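Peer 1: Sharing my_file25.cif, mmCIF, C-alpha atoms:
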data_protein
#
loop_
_atom_site.group_PDB
_atom_site.id
_atom_site.type_symbol
_atom_site.label_atom_id
_atom_site.label_comp_id
_atom_site.auth_asym_id
_atom_site.auth_seq_id
_atom_site.Cartn_x
_atom_site.Cartn_y
_atom_site.Cartn_z
ATOM 1 C CA MET A 1 0.000 0.000 0.000
ATOM 2 C CA SER A 2 1.332 3.420 -0.959
ATOM 3 C CA ARG A 3 1.839 5.558 2.109
ATOM 4 C CA ILE A 4 0.159 8.956 2.291
ATOM 5 C CA PRO A 5 2.476 11.987 2.560
ATOM 6 C CA ILE A 6 2.126 14.316 5.546
ATOM 7 C CA THR A 7 3.149 17.956 5.302
ATOM 8 C CA LEU A 8 3.482 19.788 8.597
ATOM 9 C CA VAL A 9 2.811 23.530 8.373
ATOM 10 C CA THR A 10 4.228 25.395 11.342
ATOM 11 C CA GLY A 11 4.938 29.026 12.143
ATOM 12 C CA PHE A 12 4.407 31.484 14.962
ATOM 13 C CA LEU A 13 1.097 33.173 15.751
ATOM 14 C CA GLY A 14 -0.127 35.383 12.920
ATOM 15 C CA SER A 15 2.549 34.338 10.450
ATOM 16 C CA GLY A 16 0.096 33.217 7.766
ATOM 17 C CA LYS A 17 -0.295 29.442 8.130
ATOM 18 C CA THR A 18 -4.048 29.403 7.657
ATOM 19 C CA THR A 19 -3.944 31.837 4.735
ATOM 20 C CA LEU A 20 -1.336 29.653 3.050
ATOM 21 C CA ILE A 21 -3.325 26.442 3.505
ATOM 22 C CA ALA A 22 -6.599 28.038 2.413
ATOM 23 C CA GLN A 23 -4.950 29.258 -0.795
ATOM 24 C CA LEU A 24 -3.284 25.915 -1.474
ATOM 25 C CA LEU A 25 -6.577 24.093 -1.116
ATOM 26 C CA THR A 26 -8.128 26.157 -3.911
ATOM 27 C CA GLN A 27 -5.680 24.630 -6.385
ATOM 28 C CA PRO A 28 -7.035 21.658 -8.383
ATOM 29 C CA GLY A 29 -4.096 19.375 -7.668
ATOM 30 C CA LEU A 30 -4.892 19.325 -3.956
ATOM 31 C CA ALA A 31 -8.499 18.208 -4.215
ATOM 32 C CA GLY A 32 -7.611 14.979 -2.403
ATOM 33 C CA THR A 33 -6.068 16.703 0.627
ATOM 34 C CA LEU A 34 -7.173 16.101 4.197
ATOM 35 C CA VAL A 35 -6.422 19.010 6.557
ATOM 36 C CA VAL A 36 -5.902 18.511 10.264
ATOM 37 C CA VAL A 37 -5.984 21.765 12.202
ATOM 38 C CA ASN A 38 -4.828 22.184 15.779
ATOM 39 C CA GLU A 39 -6.043 25.129 17.821
ATOM 40 C CA PHE A 40 -4.558 26.776 20.886
ATOM 41 C CA GLY A 41 -7.820 27.558 22.636
ATOM 42 C CA VAL A 42 -11.412 26.425 22.358
ATOM 43 C CA VAL A 43 -12.678 28.505 19.416
ATOM 44 C CA GLY A 44 -12.029 26.916 16.039
ATOM 45 C CA ILE A 45 -11.424 30.097 14.076
ATOM 46 C CA ASP A 46 -8.938 28.473 11.698
ATOM 47 C CA HIS A 47 -11.313 25.570 11.188
ATOM 48 C CA ASP A 48 -14.047 27.983 10.128
ATOM 49 C CA LEU A 49 -11.712 29.616 7.620
ATOM 50 C CA LEU A 50 -10.618 26.324 6.128
ATOM 51 C CA GLU A 51 -13.972 24.612 6.119
ATOM 52 C CA ALA A 52 -15.072 26.175 2.848
ATOM 53 C CA SER A 53 -12.013 24.762 1.088
ATOM 54 C CA SER A 54 -11.997 21.227 2.467
ATOM 55 C CA ASP A 55 -14.861 18.892 3.239
ATOM 56 C CA ASP A 56 -12.659 16.716 5.401
ATOM 57 C CA THR A 57 -11.096 19.242 7.765
ATOM 58 C CA ILE A 58 -10.639 17.838 11.266
ATOM 59 C CA LEU A 59 -10.271 20.181 14.223
ATOM 60 C CA LEU A 60 -8.147 19.175 17.201
ATOM 61 C CA ALA A 61 -8.871 21.659 19.979
ATOM 62 C CA ASN A 62 -7.682 22.497 23.504
ATOM 63 C CA GLY A 63 -3.932 22.260 23.375
ATOM 64 C CA CYS A 64 -0.791 22.054 21.291
ATOM 65 C CA LEU A 65 0.077 19.280 18.906
ATOM 66 C CA CYS A 66 3.494 19.013 20.457
ATOM 67 C CA CYS A 67 2.326 18.367 24.001
ATOM 68 C CA THR A 68 -1.045 17.687 25.585
ATOM 69 C CA ILE A 69 -2.945 16.342 22.551
ATOM 70 C CA ARG A 70 -0.239 14.607 20.570
ATOM 71 C CA GLY A 71 -2.048 11.315 21.001
ATOM 72 C CA ASN A 72 -5.153 12.785 19.417
ATOM 73 C CA LEU A 73 -3.270 13.482 16.210
ATOM 74 C CA VAL A 74 -2.064 9.886 16.028
ATOM 75 C CA ASP A 75 -5.552 8.618 16.819
ATOM 76 C CA THR A 76 -7.009 10.910 14.173
ATOM 77 C CA LEU A 77 -4.598 9.771 11.476
ATOM 78 C CA LEU A 78 -5.479 6.144 12.184
ATOM 79 C CA ASP A 79 -9.195 6.802 12.588
ATOM 80 C CA VAL A 80 -9.590 8.553 9.231
ATOM 81 C CA GLN A 81 -8.024 5.517 7.559
ATOM 82 C CA ALA A 82 -10.644 3.340 9.210
ATOM 83 C CA GLN A 83 -13.376 5.739 8.097
ATOM 84 C CA VAL A 84 -12.177 5.533 4.497
ATOM 85 C CA ALA A 85 -12.172 1.729 4.682
ATOM 86 C CA ASP A 86 -15.733 1.777 6.057
ATOM 87 C CA GLY A 87 -16.962 4.203 3.419
ATOM 88 C CA ARG A 88 -17.668 6.937 5.973
ATOM 89 C CA LEU A 89 -15.034 9.276 4.546
ATOM 90 C CA ARG A 90 -13.908 9.829 0.997
ATOM 91 C CA ALA A 91 -10.405 8.695 0.153
ATOM 92 C CA PHE A 92 -7.587 11.235 0.421
ATOM 93 C CA ASP A 93 -4.067 11.180 -0.949
ATOM 94 C CA ARG A 94 -2.324 13.848 1.164
ATOM 95 C CA VAL A 95 -2.493 15.190 4.712
ATOM 96 C CA VAL A 96 -1.631 18.737 5.738
ATOM 97 C CA VAL A 97 -1.301 19.331 9.474
ATOM 98 C CA GLU A 98 -1.410 22.911 10.718
ATOM 99 C CA THR A 99 0.170 23.193 14.148
ATOM 100 C CA SER A 100 -0.651 25.732 16.788
ATOM 101 C CA GLY A 101 1.334 28.931 16.465
ATOM 102 C CA VAL A 102 2.945 28.273 19.842
ATOM 103 C CA ALA A 103 3.858 24.663 19.090
ATOM 104 C CA ASP A 104 7.429 23.410 19.097
ATOM 105 C CA PRO A 105 7.381 21.004 16.130
ATOM 106 C CA ALA A 106 10.414 18.942 17.189
ATOM 107 C CA PRO A 107 8.588 16.811 19.817
ATOM 108 C CA LEU A 108 5.717 16.312 17.387
ATOM 109 C CA LEU A 109 8.088 15.046 14.709
ATOM 110 C CA GLY A 110 9.581 12.603 17.183
ATOM 111 C CA PHE A 111 6.132 11.478 18.266
ATOM 112 C CA LEU A 112 4.992 10.815 14.695
ATOM 113 C CA LEU A 113 8.187 9.035 13.683
ATOM 114 C CA SER A 114 8.002 6.773 16.735
ATOM 115 C CA ASP A 115 4.487 5.476 16.035
ATOM 116 C CA ALA A 116 4.849 2.357 13.896
ATOM 117 C CA ALA A 117 1.143 2.173 13.028
ATOM 118 C CA VAL A 118 1.116 5.725 11.696
ATOM 119 C CA MET A 119 4.375 5.398 9.781
ATOM 120 C CA ALA A 120 3.145 2.172 8.178
ATOM 121 C CA ARG A 121 0.332 4.163 6.565
ATOM 122 C CA TYR A 122 1.861 7.619 6.227
ATOM 123 C CA ARG A 123 5.216 9.179 5.490
ATOM 124 C CA LEU A 124 6.493 12.518 6.719
ATOM 125 C CA GLU A 125 7.141 14.425 3.517
ATOM 126 C CA GLN A 126 8.238 17.803 4.787
ATOM 127 C CA VAL A 127 7.946 20.627 7.299
ATOM 128 C CA ILE A 128 7.024 24.108 6.071
ATOM 129 C CA ALA A 129 7.467 27.127 8.352
ATOM 130 C CA THR A 130 5.897 30.534 7.787
ATOM 131 C CA ILE A 131 7.774 33.571 9.117
ATOM 132 C CA ASP A 132 6.168 36.998 9.392
ATOM 133 C CA ALA A 133 8.458 39.633 7.843
ATOM 134 C CA VAL A 134 6.965 42.300 10.122
ATOM 135 C CA ALA A 135 7.074 40.522 13.490
ATOM 136 C CA GLY A 136 9.318 37.559 12.722
ATOM 137 C CA ALA A 137 12.550 38.986 14.101
ATOM 138 C CA GLU A 138 10.945 39.754 17.458
ATOM 139 C CA ALA A 139 9.307 36.320 17.579
ATOM 140 C CA LEU A 140 12.650 34.629 16.941
ATOM 141 C CA GLU A 141 14.220 36.719 19.701
ATOM 142 C CA ARG A 142 11.559 36.228 22.357
ATOM 143 C CA HIS A 143 10.038 32.815 21.713
ATOM 144 C CA PRO A 144 12.028 29.553 21.550
ATOM 145 C CA GLU A 145 9.112 27.921 19.720
ATOM 146 C CA ALA A 146 9.498 30.326 16.786
ATOM 147 C CA ASP A 147 13.220 29.626 16.739
ATOM 148 C CA HIS A 148 12.625 25.860 16.638
ATOM 149 C CA GLN A 149 9.988 26.225 13.933
ATOM 150 C CA ALA A 150 12.493 27.935 11.660
ATOM 151 C CA ARG A 151 15.323 25.522 12.445
ATOM 152 C CA VAL A 152 13.527 22.249 11.697
ATOM 153 C CA ALA A 153 11.780 23.348 8.479
ATOM 154 C CA ASP A 154 12.478 21.973 5.023
ATOM 155 C CA ARG A 155 11.139 25.181 3.504
ATOM 156 C CA LEU A 156 10.874 28.676 4.967
ATOM 157 C CA LEU A 157 8.121 30.950 3.672
ATOM 158 C CA LEU A 158 8.681 34.656 4.323
ATOM 159 C CA THR A 159 5.252 36.313 4.518
ATOM 160 C CA LYS A 160 4.125 39.974 4.535
ATOM 161 C CA THR A 161 7.242 41.172 2.724
ATOM 162 C CA ASP A 162 5.118 43.913 1.125
ATOM 163 C CA LEU A 163 4.809 45.531 4.557
ATOM 164 C CA VAL A 164 8.540 45.961 5.170
ATOM 165 C CA THR A 165 11.441 47.470 3.262
ATOM 166 C CA PRO A 166 13.553 45.226 1.028
ATOM 167 C CA ALA A 167 16.468 45.784 3.407
ATOM 168 C CA ALA A 168 14.418 44.548 6.371
ATOM 169 C CA ALA A 169 13.282 41.463 4.445
ATOM 170 C CA ASP A 170 16.865 40.733 3.438
ATOM 171 C CA ALA A 171 18.063 41.107 7.027
ATOM 172 C CA LEU A 172 15.444 38.687 8.327
ATOM 173 C CA ALA A 173 16.238 36.226 5.543
ATOM 174 C CA ALA A 174 19.930 36.392 6.435
ATOM 175 C CA ARG A 175 19.050 35.663 10.043
ATOM 176 C CA LEU A 176 16.958 32.689 8.986
ATOM 177 C CA ARG A 177 19.822 31.461 6.843
ATOM 178 C CA GLY A 178 21.979 31.437 9.956
ATOM 179 C CA LEU A 179 19.383 29.345 11.796
ATOM 180 C CA ASN A 180 18.704 26.976 8.915
ATOM 181 C CA PRO A 181 21.426 26.977 6.259
ATOM 182 C CA VAL A 182 19.803 24.404 3.963
ATOM 183 C CA ALA A 183 16.110 25.300 3.675
ATOM 184 C CA PRO A 184 14.957 27.332 0.656
ATOM 185 C CA ILE A 185 13.541 30.743 1.663
ATOM 186 C CA LEU A 186 10.599 31.808 -0.480
ATOM 187 C CA PRO A 187 8.584 35.058 -0.295
ATOM 188 C CA VAL A 188 4.811 34.536 -0.155
ATOM 189 C CA LEU A 189 2.167 37.265 -0.276
ATOM 190 C CA GLN A 190 -1.369 36.497 0.893
ATOM 191 C CA GLY A 191 -0.568 32.791 0.799
ATOM 192 C CA GLN A 192 -0.184 32.872 -2.985
ATOM 193 C CA ILE A 193 2.234 30.194 -4.120
ATOM 194 C CA ALA A 194 1.913 27.342 -6.589
ATOM 195 C CA ALA A 195 1.358 24.028 -4.858
ATOM 196 C CA GLU A 196 4.018 22.376 -6.989
ATOM 197 C CA GLU A 197 6.615 24.699 -5.445
ATOM 198 C CA LEU A 198 5.854 23.304 -1.997
ATOM 199 C CA LEU A 199 4.278 19.879 -2.321
ATOM 200 C CA GLY A 200 5.138 16.869 -4.379
ATOM 201 C CA PRO A 201 7.092 13.636 -4.566
ATOM 202 C CA GLY A 202 10.428 13.823 -2.837
ATOM 203 C CA SER A 203 10.104 17.440 -1.715
ATOM 204 C CA ALA A 204 11.363 16.655 1.787
ATOM 205 C CA GLN A 205 14.197 14.515 0.481
ATOM 206 C CA ASP A 206 15.503 16.909 -2.178
ATOM 207 C CA ALA A 207 19.105 17.280 -1.125
ATOM 208 C CA THR A 208 19.923 19.733 -3.906
ATOM 209 C CA ALA A 209 17.004 22.176 -3.600
ATOM 210 C CA PRO A 210 17.942 25.795 -4.331
ATOM 211 C CA CYS A 211 17.708 28.153 -1.402
ATOM 212 C CA GLY A 212 15.397 30.589 -3.160
ATOM 213 C CA PRO A 213 15.566 34.357 -3.734
ATOM 214 C CA PHE A 214 16.689 35.089 -0.167
ATOM 215 C CA CYS A 215 19.707 32.790 -0.178
ATOM 216 C CA GLY A 216 22.026 35.034 1.771
ATOM 217 C CA ASP A 217 25.360 33.966 3.187
ATOM 218 C CA PRO A 218 25.146 31.836 6.347
ATOM 219 C CA SER A 219 28.495 33.175 7.482
ATOM 220 C CA HIS A 220 26.872 36.620 7.860
ATOM 221 C CA ALA A 221 24.024 35.456 10.045
ATOM 222 C CA HIS A 222 25.439 33.435 12.918
ATOM 223 C CA GLU A 223 24.934 34.185 16.602
ATOM 224 C CA HIS A 224 22.703 37.251 16.223
ATOM 225 C CA HIS A 225 20.554 36.380 19.242
ATOM 226 C CA HIS A 226 20.661 34.426 22.446
ATOM 227 C CA HIS A 227 19.057 31.266 21.021
ATOM 228 C CA ALA A 228 21.809 30.871 18.449
ATOM 229 C CA GLU A 229 24.417 29.901 21.026
ATOM 230 C CA ARG A 230 22.296 26.924 22.065
ATOM 231 C CA PHE A 231 21.914 25.324 18.659
ATOM 232 C CA SER A 232 23.919 24.284 15.656
ATOM 233 C CA ALA A 233 23.135 23.052 12.158
ATOM 234 C CA THR A 234 25.667 20.717 10.615
ATOM 235 C CA VAL A 235 25.599 19.658 6.981
ATOM 236 C CA LEU A 236 27.432 16.489 5.966
ATOM 237 C CA HIS A 237 27.970 15.669 2.296
ATOM 238 C CA ALA A 238 28.295 12.110 1.006
ATOM 239 C CA THR A 239 31.598 11.552 -0.762
ATOM 240 C CA GLN A 240 30.887 7.941 -1.676
ATOM 241 C CA THR A 241 28.049 5.529 -2.320
ATOM 242 C CA LEU A 242 27.111 3.071 0.397
ATOM 243 C CA GLU A 243 25.789 -0.435 0.914
ATOM 244 C CA GLU A 244 22.504 -1.117 2.679
ATOM 245 C CA ALA A 245 24.483 -2.623 5.557
ATOM 246 C CA ASP A 246 26.279 0.715 5.960
ATOM 247 C CA ILE A 247 22.932 2.430 6.495
ATOM 248 C CA ALA A 248 22.158 0.062 9.362
ATOM 249 C CA ARG A 249 25.459 0.975 10.999
ATOM 250 C CA ILE A 250 24.781 4.684 10.500
ATOM 251 C CA GLU A 251 21.378 4.236 12.132
ATOM 252 C CA ALA A 252 23.016 2.484 15.081
ATOM 253 C CA ALA A 253 25.432 5.389 15.521
ATOM 254 C CA LEU A 254 22.566 7.861 15.412
ATOM 255 C CA ARG A 255 20.476 5.912 17.911
ATOM 256 C CA ALA A 256 23.403 5.741 20.304
ATOM 257 C CA TRP A 257 23.555 9.523 20.328
ATOM 258 C CA ALA A 258 19.908 10.617 19.818
ATOM 259 C CA GLY A 259 18.217 12.366 22.716
ATOM 260 C CA PRO A 260 16.141 15.420 23.626
ATOM 261 C CA HIS A 261 18.918 17.659 22.273
ATOM 262 C CA LEU A 262 18.277 16.396 18.710
ATOM 263 C CA LEU A 263 15.766 18.753 17.106
ATOM 264 C CA ARG A 264 15.858 17.073 13.730
ATOM 265 C CA LEU A 265 17.922 14.957 11.401
ATOM 266 C CA LYS A 266 17.167 14.449 7.735
ATOM 267 C CA GLY A 267 19.219 12.955 4.984
ATOM 268 C CA ILE A 268 19.375 11.236 1.635
ATOM 269 C CA LEU A 269 22.310 8.886 1.041
ATOM 270 C CA PRO A 270 23.094 7.212 -2.297
ATOM 271 C CA LEU A 271 23.580 3.443 -2.486
ATOM 272 C CA ARG A 272 25.783 1.528 -4.890
ATOM 273 C CA ASP A 273 22.785 -0.304 -6.338
ATOM 274 C CA GLY A 274 21.231 2.963 -7.553
ATOM 275 C CA ARG A 275 18.749 3.433 -4.729
ATOM 276 C CA VAL A 276 18.832 6.103 -2.041
ATOM 277 C CA ALA A 277 18.295 5.764 1.702
ATOM 278 C CA ILE A 278 16.058 8.361 3.349
ATOM 279 C CA LEU A 279 16.893 9.041 7.011
ATOM 280 C CA GLN A 280 14.761 11.038 9.448
ATOM 281 C CA ALA A 281 15.000 11.579 13.190
ATOM 282 C CA ALA A 282 13.731 13.958 15.842
ATOM 283 C CA MET A 283 14.321 14.125 19.567
ATOM 284 C CA MET A 284 14.998 10.587 20.791
ATOM 285 C CA VAL A 285 13.540 8.821 17.757
ATOM 286 C CA VAL A 286 15.470 7.596 14.708
ATOM 287 C CA HIS A 287 12.964 6.322 12.162
ATOM 288 C CA PRO A 288 14.005 3.214 10.223
ATOM 289 C CA ALA A 289 15.604 4.142 6.924
ATOM 290 C CA GLU A 290 13.458 4.087 3.815
ATOM 291 C CA PHE A 291 14.903 2.885 0.531
ATOM 292 C CA GLN A 292 13.697 4.359 -2.742
ATOM 293 C CA PRO A 293 14.803 4.422 -6.363
ATOM 294 C CA GLY A 294 17.211 7.299 -6.757
ATOM 295 C CA PRO A 295 18.134 9.619 -9.604
ATOM 296 C CA ALA A 296 21.348 8.929 -11.436
ATOM 297 C CA HIS A 297 24.361 10.339 -9.602
ATOM 298 C CA ALA A 298 22.179 11.478 -6.688
ATOM 299 C CA ALA A 299 23.982 13.869 -4.364
ATOM 300 C CA GLY A 300 23.905 12.719 -0.766
ATOM 301 C CA ARG A 301 23.523 14.952 2.244
ATOM 302 C CA LEU A 302 22.718 14.606 5.919
ATOM 303 C CA VAL A 303 21.636 17.539 8.085
ATOM 304 C CA LEU A 304 21.853 17.558 11.898
ATOM 305 C CA ILE A 305 20.040 20.244 13.898
ATOM 306 C CA VAL A 306 21.007 19.922 17.559
ATOM 307 C CA GLU A 307 21.040 21.774 20.832
ATOM 308 C CA GLY A 308 24.639 22.555 21.643
ATOM 309 C CA PRO A 309 27.646 21.969 19.411
ATOM 310 C CA ALA A 310 27.651 19.186 16.866
ATOM 311 C CA PRO A 311 28.685 15.981 18.691
ATOM 312 C CA ALA A 312 32.288 15.235 17.747
ATOM 313 C CA PRO A 313 32.118 11.434 18.384
ATOM 314 C CA LEU A 314 29.116 11.108 16.099
ATOM 315 C CA LEU A 315 30.712 13.214 13.373
ATOM 316 C CA GLN A 316 33.846 11.099 13.599
ATOM 317 C CA ALA A 317 31.782 7.920 13.274
ATOM 318 C CA LEU A 318 29.971 9.304 10.236
ATOM 319 C CA GLU A 319 33.245 10.291 8.603
ATOM 320 C CA GLY A 320 33.968 6.574 8.348
ATOM 321 C CA PHE A 321 31.069 6.345 5.886
ATOM 322 C CA GLY A 322 32.330 9.201 3.731
ATOM 323 C CA LEU A 323 30.081 11.857 5.284
ATOM 324 C CA GLU A 324 32.174 14.992 5.469
ATOM 325 C CA ARG A 325 31.303 18.281 7.116
ATOM 326 C CA ASP A 326 31.090 21.384 4.941
ATOM 327 C CA GLY A 327 31.881 23.841 7.690
ATOM 328 C CA VAL A 328 28.366 25.255 8.272
ATOM 329 C CA GLY A 329 27.144 25.221 11.840
#
I need this file expressed as structure tokens, please.
Peer 2:
Amino acid sequence: MSRIPITLVTGFLGSGKTTLIAQLLTQPGLAGTLVVVNEFGVVGIDHDLLEASSDDTILLANGCLCCTIRGNLVDTLLDVQAQVADGRLRAFDRVVVETSGVADPAPLLGFLLSDAAVMARYRLEQVIATIDAVAGAEALERHPEADHQARVADRLLLTKTDLVTPAAADALAARLRGLNPVAPILPVLQGQIAAEELLGPGSAQDATAPCGPFCGDPSHAHEHHHHAERFSATVLHATQTLEEADIARIEAALRAWAGPHLLRLKGILPLRDGRVAILQAAMMVVHPAEFQPGPAHAAGRLVLIVEGPAPAPLLQALEGFGLERDGVG
């Protein structure tokens, strides 16, 4: 059975998550999308906004996805599968989860990756974070959740850029590049962006994605605020192809080190038989590697986002598999 991709849309309060999702759902290619909305509070305002665009929107209320109601998300993902099987719900081919604006997505990622029943039916495709160009800098400074949202994302969407000067937008983008040196940064106004730019096969595993119009230079954006000292992003590039047995040994090394200090790990590593291994981890959970057909001469990369400096023993172990650091972090 083909597993259904999950896209997690995160971002601090007022950064444009709901506007983005509502606009995406108007596009014909997303007609088969199921939206799961989490609210911080008891009034389902976002649910009301999205309801006109999706018949199958599910509201999870009274808490954050990353803490008190995490189990409800897992239960929901399994329950909707049962409803489809029973004919109570139309089939869907994609899930978009909108987190609360005050949610730290790292524990949620770990929770999803650790649930075997969910991961047997679904696959985590990517994390998208929206950042408000007007209030984003202050949110990153004052709220660790906003900082984590930007760090763990596969794509960063810079919203409301029409309300700030180009210099201010560039400065915020440079700061984001320091937090997350590998995620593309894309400007989005009123949620308007083509779905194919965000969603699609392999979007979370694209190790060669361009960084977008706000690329910046990560060397210019390090340590601008007090959160930066606590975290590091390390990019390792594959210098050789591997055997499937090597992937098992890499997983063992990662599991020996994984803990609450691991915000996220993601990687795509080329194998000698032409396939690629997809690795994902968050917090204390290292999800079993997934093996997929790979493009010819696929470039391999592994990204570690951790609290504290990159762990030297782990980096040394990974060097034995031809994974070499590029100096970012």
Peer 1: Can you translate the PyMOL selection byres ((chain A and resi 176) around 9) into the concrete residues it hits in this file, as a PyMOL selection string?
Peer 2: chain A and resi 150-151+156+171-175+177-181+185+218+221
Peer 1: List the residues matched by the PyMOL selection byres ((chain A and resi 256-258) around 10) in the displayed structure as a short mmCIF file (atom, residue, chain, number, x, y, z; two decimals) with C-alpha atoms, in the frame of the given file, ordered by chain and then by residue number.
Peer 2:
data_model
loop_
_atom_site.label_atom_id
_atom_site.label_comp_id
_atom_site.auth_asym_id
_atom_site.auth_seq_id
_atom_site.Cartn_x
_atom_site.Cartn_y
_atom_site.Cartn_z
CA ILE A 250 24.78 4.68 10.50
CA GLU A 251 21.38 4.24 12.13
CA ALA A 252 23.02 2.48 15.08
CA ALA A 253 25.43 5.39 15.52
CA LEU A 254 22.57 7.86 15.41
CA ARG A 255 20.48 5.91 17.91
CA GLY A 259 18.22 12.37 22.72
CA PRO A 260 16.14 15.42 23.63
CA HIS A 261 18.92 17.66 22.27
CA LEU A 262 18.28 16.40 18.71
CA LEU A 263 15.77 18.75 17.11
CA ARG A 264 15.86 17.07 13.73
CA LEU A 265 17.92 14.96 11.40
CA ALA A 281 15.00 11.58 13.19
CA ALA A 282 13.73 13.96 15.84
CA MET A 283 14.32 14.12 19.57
CA MET A 284 15.00 10.59 20.79
CA VAL A 285 13.54 8.82 17.76
CA VAL A 286 15.47 7.60 14.71
CA VAL A 306 21.01 19.92 17.56
CA PRO A 311 28.68 15.98 18.69
CA PRO A 313 32.12 11.43 18.38
CA LEU A 314 29.12 11.11 16.10
#
Peer 1: Rounded to one decimal, what separation in Å do you get between atom CA of Ile4 of chain A and atom CA of Ile131 of chain A?
Peer 2: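 Result for atom CA of Ile4 of chain A versus atom CA of Ile131 of chain A: 26.7 Å, one decimal.
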Peer 1: Here is a test: counting all atoms listed in the file, which residue of A:Val37, A:Val182, A:Leu323, A:Leu24 is nearest to Thr99 of chain A?
Peer 2: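 Residue with the minimum atom-to-atom distance to Thr99 of chain A: A:Val37.
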Peer 1: Leaving out Met119 of chain A and any residue of its chain fewer than 5 positions from it, which residues lie within 9 Å of it when counting only C-alpha atoms, given as a list in words?
Peer 2: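 Once the adjacent positions are removed, what remains is Arg3, Leu112, Leu113, Ser114, Leu124 and His287 of chain A.
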Peer 1: Evaluate the PyMOL selection byres ((chain A and resi 8) around 7) and record the selected residues as a count of residues only, following the chain and residue labels used in the document.
Peer 2: 10
Peer 1: Record the distance separating atom CA of Pro293 of chain A and atom CA of Leu242 of chain A, expressed in Å with one decimal.
Peer 2: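 Computing the Euclidean distance for atom CA of Pro293 of chain A and atom CA of Leu242 of chain A yields 14.1 Å.
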Peer 1: Compare A:Asp132, A:Arg94, A:Leu271, A:Val235 by their minimum atom-to-atom distance to Gln190 of chain A, counting only C-alpha atoms, and give me the closest one.
Peer 2: A:Asp132
Peer 1: Considering only C-alpha atoms, return as a list in words whatever protein or nucleic-acid residues lie within 10 Å of Ala289 of chain A, sequence-local ones (same chain, fewer than 4 positions apart) excluded.
Peer 2: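 Once the nearby chain positions are removed, what remains is Glu244, Ile247, Ala248, Ile250, Glu251, Gly267, Ile268, Val276, Ala277, Ile278, Leu279, Gln280 and Ala281 of chain A.
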Peer 1: Which residues come within 10 Å of Phe321 of chain A, counting all atoms listed in the file, excluding same-chain residues fewer than 2 positions away, as a ChimeraX atom specification?
Peer 2: /A:238-243,246-247,249-250,316-319,323-324
Peer 1: How many Å separate atom CA of Ala195 of chain A from atom CA of Thr19 of chain A?
Peer 2: 13.5 Å
Peer 1: Tell me which of A:Leu140, A:Leu30, A:Val152, A:Val95 sits closest to Gly110 of chain A, counting all atoms listed in the file.
Peer 2: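 Comparing A:Leu140, A:Leu30, A:Val152, A:Val95 against Gly110 of chain A, the winner is A:Val152.
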Peer 1: Where's the centre, and what are the edge lengths in Å to one decimal, of a box along x, y and z enclosing all listed atoms of segment 87-92 of chain A padded 4 Å per side, as AutoDock Vina command-line options?
Peer 2:
--center_x -12.6 --center_y 7.7 --center_z 3.1 --size_x 18.1 --size_y 15.0 --size_z 13.8
